[in-house]
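Asker: Have a look at the structure that comes next, please.
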Amino acid sequence: MNMDLSKEERMGEGSIPRLMVSMAVPSIIAQVINILYNIVDRMYIGHIQGVGAAALTGVGLTFPITMLISAFSAFSGAGGAPLSAIWLGKGDRDHAERILGSSVWLLLVFTVILMGVFYIFHMPFLYMFGASDATAPFAASYLKIYLAGTLFVELALGLNTYIIAQGQSTVAMCSVLIGAVTNIVLDPVFIFVFGWGVQGAAVATVISQFLSALWNVAFLCGKKSTLRIRAKLVRCDLSIIKNILALGISPFVMRSTECLINIVMNRQLQVFGGDLYVGSMTIMTSVMQFMSAPISGFTQGVQPIISYNFGAGRFERVKKTYRLMIGICFSFAFCATTLTMVFPRFFAGMFTNDSELTELVGRVMPVFMSGMLIFGIQQAIQPTFLALGQAKISLFIAMLRKVILLVPLALILPNFLGVMGVYYAEPVSDVISAITASVLFLVNIPKILSKEALEKIR
């Protein structure tokens with residue numbers, strides 16, 4: 001029996017806590033490192049002498065576009081990888097590879113569309129997102145270079161999930177590690193030594209994503225991969241693409257609505273506060289990203305265990321896995337959020353040496369982050385539904401927090417509370433959506449893991 005087969009069998013028979021550690025730890029490291037792509041850029045950019053605050057705000061304004069690009073990679077990768085894991089659990093590797101091939105085709109199509117749209121319309125978008133004449137030049141300089149690496153972003157993020165889905169979390173971690181280390185090393189060289197400023201940060205990011213994408217493609221085309229990219233399968237298989245998009249729409253909405261949220265909040269902060277308040281949001285979303293990265297990595301690493309055992313009809317293993325996952329996610333989120341609320345100025349100092357901006361973040365971060373105290377529950381429940389192929393429920397949970405609650409609250413509350421209303425919108429939506437997700441989980445999970453579901457799988 002080869003190593004790849006043994007890895008699959010471990011997901012169905014091995015100790016669940018040990019499996020969670022072996023698969024989640026590399027994925028956690030990968031997610032934390034991956035988030036450093038943008039955060040390290042912002043840390044260095046915020047300390048550029050003389051223009052740091054304006055440059056940091058400008059690069060932060062590109063976040064909706066860079067997030068949308070990564071969201072399309074999730075549409076394909078996070079939508080197809082759980083399906084491939086389920087089919088591996090059923091013992092049908094050929095169909096799992098057809099899913100991978102269709103996913104690669106989608107990533108190529110998304111690349112062409114995204115580059116075309118954003119190269120043509122990037123300036124109108126940036127002003128719509130809250131740019132001013134002082135910050136727009138920095139945003140445009142960064143974005144035009146970043147867009148040149150769109151294909152690398154799609155392949156680096158979109159294919160990484162397929163490596164994790166076959167139990168190769170360490171290989172997936174190496175992909176991200178290679179890119180992130182490159183980015184961390186090149187950033188200060190290009191920004192400060194060469195004097196390229198925000199353009200240097202963008203060049204470093206493109207080179208880093210290229211190396212990550214190259215690693216993924218090389219592995220998935222090689223003999224050590226259980227699932228392989230085969231040229232004949234990289235095509236538009238409508239029946240498979242329909243299933244990928246149906247499941248992928250939930251993670252896509254989760255990421256793409258970050259764009260909408262960022263746009264609305266930046267616009268409201270610009271109207272009710274000004275550039276300084278927009279800069280505070282750049283810092284706080286960076287901190288929230290970094291805090292959420294371990295949870296995202298953990299759930300991404302654990303998802304294949306749930307999907308594989310669900311496909312194999314081993315429901316008791318599914319239950320044990322998601323119970324542990326929910327408990328761990330809640331505990332981590334509670335502790336990490338507490339730190340950000342107690343020491344907000346410390347976290348602000350990581351991104352800026354501007355005293356006025358640091359003081360503002362110190363006042364508003366405890367408010368902005370407070371809902372995350374319990375949000376770890378939803379961060380575990382939503383990927384559980386995704387791993388079980390429950391696209392509609394997962395999509396609703398994603399839509400509830402961001403589109404149904406957060407955006408309207410960010411538009412309404414400032415009219416009564418001033419600029420602080422923008423910051424209060426976040427915790428209110430976090431708490432309501434976490435409670436709602438918990439109720440939906442308790443109501444639906446018995447139906448999903450039932451005898452009828454078992455018969456359908458078999």
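Identifiers in the structure tokens: chain A, B, ... in order shown; residue index from 1 per chain; ligand index from 1 in order shown.
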If we count only C-alpha atoms, what is near stretch 255-267 of chain A at a cut-off of 6 Å, once residues fewer than 6 positions away on the same chain are taken out, given as a short mmCIF file (atom, residue, chain, number, x, y, z; two decimals) with C-alpha atoms, in the first residue's frame?

Answerer:
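part_16.cif written:
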data_model
loop_
_atom_site.label_atom_id
_atom_site.label_comp_id
_atom_site.auth_asym_id
_atom_site.auth_seq_id
_atom_site.Cartn_x
_atom_site.Cartn_y
_atom_site.Cartn_z
CA PRO A 64 -11.77 45.08 -1.70
CA LEU A 68 -12.37 39.75 -4.51
CA ALA A 71 -12.71 35.16 -3.33
CA PHE A 129 -14.14 52.67 -2.11
CA GLY A 130 -13.33 55.87 -0.21
CA VAL A 278 -10.28 55.09 7.14
#

Asker: Using only C-alpha atoms, which protein or nucleic acid residues come within 12 Å of A:Ile178? Drop anything in the same chain fewer than 5 positions from it, and give the result as a list in words.

Answerer: Ile29, Ala30, Ile33, Asn34, Tyr37, Ala156, Val171, Ala172, Met173, Asn183, Ile184, Val185, Thr205, Ile207, Ser208, Gln209, Phe210, Leu211, Ser212, Ala213, Leu214, Trp215 and Asn216 of chain A

Asker: Calculate how many Å separate atom CA of A:Ser286 from atom CA of A:Tyr44, rounding to one decimal.

Answerer: 13.1 Å

Asker: Output as CSV one row per residue of stretch 41-131 of chain A within 12 Å of stretch 376-384 of chain A: the closest atom pair and its distance in Å to one decimal place, counting only C-alpha atoms, sorted by chain and residue number ascending.

Answerer:
residue,atom,partner,partner_atom,distance
A:Ala78,CA,A:Pro383,CA,10.1
A:Gly79,CA,A:Pro383,CA,11.3
A:Pro82,CA,A:Pro383,CA,10.1

Asker: Please produce a file of those selected residues containing C-alpha atoms, as a PDB file, in the first residue's frame.

Answerer:
ATOM      1  CA  ALA A  78     -13.042  25.770  -1.672  1.00  0.00           C
ATOM      2  CA  GLY A  79     -16.093  24.740  -3.692  1.00  0.00           C
ATOM      3  CA  PRO A  82     -14.739  19.236  -0.305  1.00  0.00           C
TER       4      PRO A  82
END

Asker: Could you pull out the alpha helix (DSSP H) residues of stretch 183-414 of chain A, going by DSSP on the backbone, and write them as a VMD selection string?

Answerer: chain A and resid 183 to 188 198 to 220 238 to 272 275 to 311 315 to 342 344 to 349 355 to 369 372 to 387 391 to 399 407 to 412 414

Asker: Which neighbours of A:Tyr162 fall inside 8 Å, counting only C-alpha atoms, when residues of the same chain fewer than 2 positions from it are skipped, and could you give them as a list in words?

Answerer: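 After dropping sequence-adjacent residues, the list is Gly77, Gly80, Ala81, Ser84, Leu100, Gly158, Leu159, Asn160, Ile164, Ala165, Gln166 and Leu227 of chain A.
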
Asker: Could you write those residues out with N, CA, C and O atoms, as a compact mmCIF listing (two decimals), in the first residue's frame?

Answerer:
# COMPACT_ATOMS: atom_id res chain seq x y z
N GLY A 77 -11.74 26.68 -5.71
CA GLY A 77 -11.00 25.75 -4.87
C GLY A 77 -11.77 25.24 -3.67
O GLY A 77 -11.89 24.04 -3.45
N GLY A 80 -14.71 23.11 -4.83
CA GLY A 80 -14.44 21.79 -5.40
C GLY A 80 -13.73 20.83 -4.48
O GLY A 80 -13.96 19.62 -4.53
N ALA A 81 -12.85 21.34 -3.61
CA ALA A 81 -12.04 20.46 -2.75
C ALA A 81 -12.88 19.58 -1.82
O ALA A 81 -12.60 18.38 -1.70
N SER A 84 -14.25 16.80 -3.87
CA SER A 84 -13.25 15.80 -4.22
C SER A 84 -12.95 14.89 -3.03
O SER A 84 -12.74 13.69 -3.19
N LEU A 100 -11.12 18.30 -9.95
CA LEU A 100 -9.91 19.12 -9.95
C LEU A 100 -9.67 19.77 -11.31
O LEU A 100 -9.36 20.96 -11.39
N GLY A 158 -6.30 28.77 -4.96
CA GLY A 158 -7.32 27.85 -5.42
C GLY A 158 -6.89 26.40 -5.44
O GLY A 158 -7.71 25.49 -5.20
N LEU A 159 -5.62 26.12 -5.71
CA LEU A 159 -5.14 24.74 -5.77
C LEU A 159 -4.68 24.22 -4.41
O LEU A 159 -4.59 23.01 -4.21
N ASN A 160 -4.38 25.11 -3.49
CA ASN A 160 -3.90 24.69 -2.18
C ASN A 160 -4.92 23.82 -1.46
O ASN A 160 -4.56 22.88 -0.76
N ILE A 164 -4.69 19.95 0.44
CA ILE A 164 -5.18 19.66 1.79
C ILE A 164 -6.24 18.55 1.75
O ILE A 164 -6.28 17.68 2.62
N ALA A 165 -7.10 18.56 0.73
CA ALA A 165 -8.21 17.62 0.64
C ALA A 165 -7.74 16.16 0.58
O ALA A 165 -8.48 15.25 0.95
N GLN A 166 -6.52 15.92 0.12
CA GLN A 166 -6.01 14.56 0.04
C GLN A 166 -5.12 14.21 1.23
O GLN A 166 -4.41 13.22 1.22
N LEU A 227 -4.45 13.19 -6.12
CA LEU A 227 -5.21 13.84 -7.18
C LEU A 227 -4.24 14.55 -8.10
O LEU A 227 -3.41 15.33 -7.63
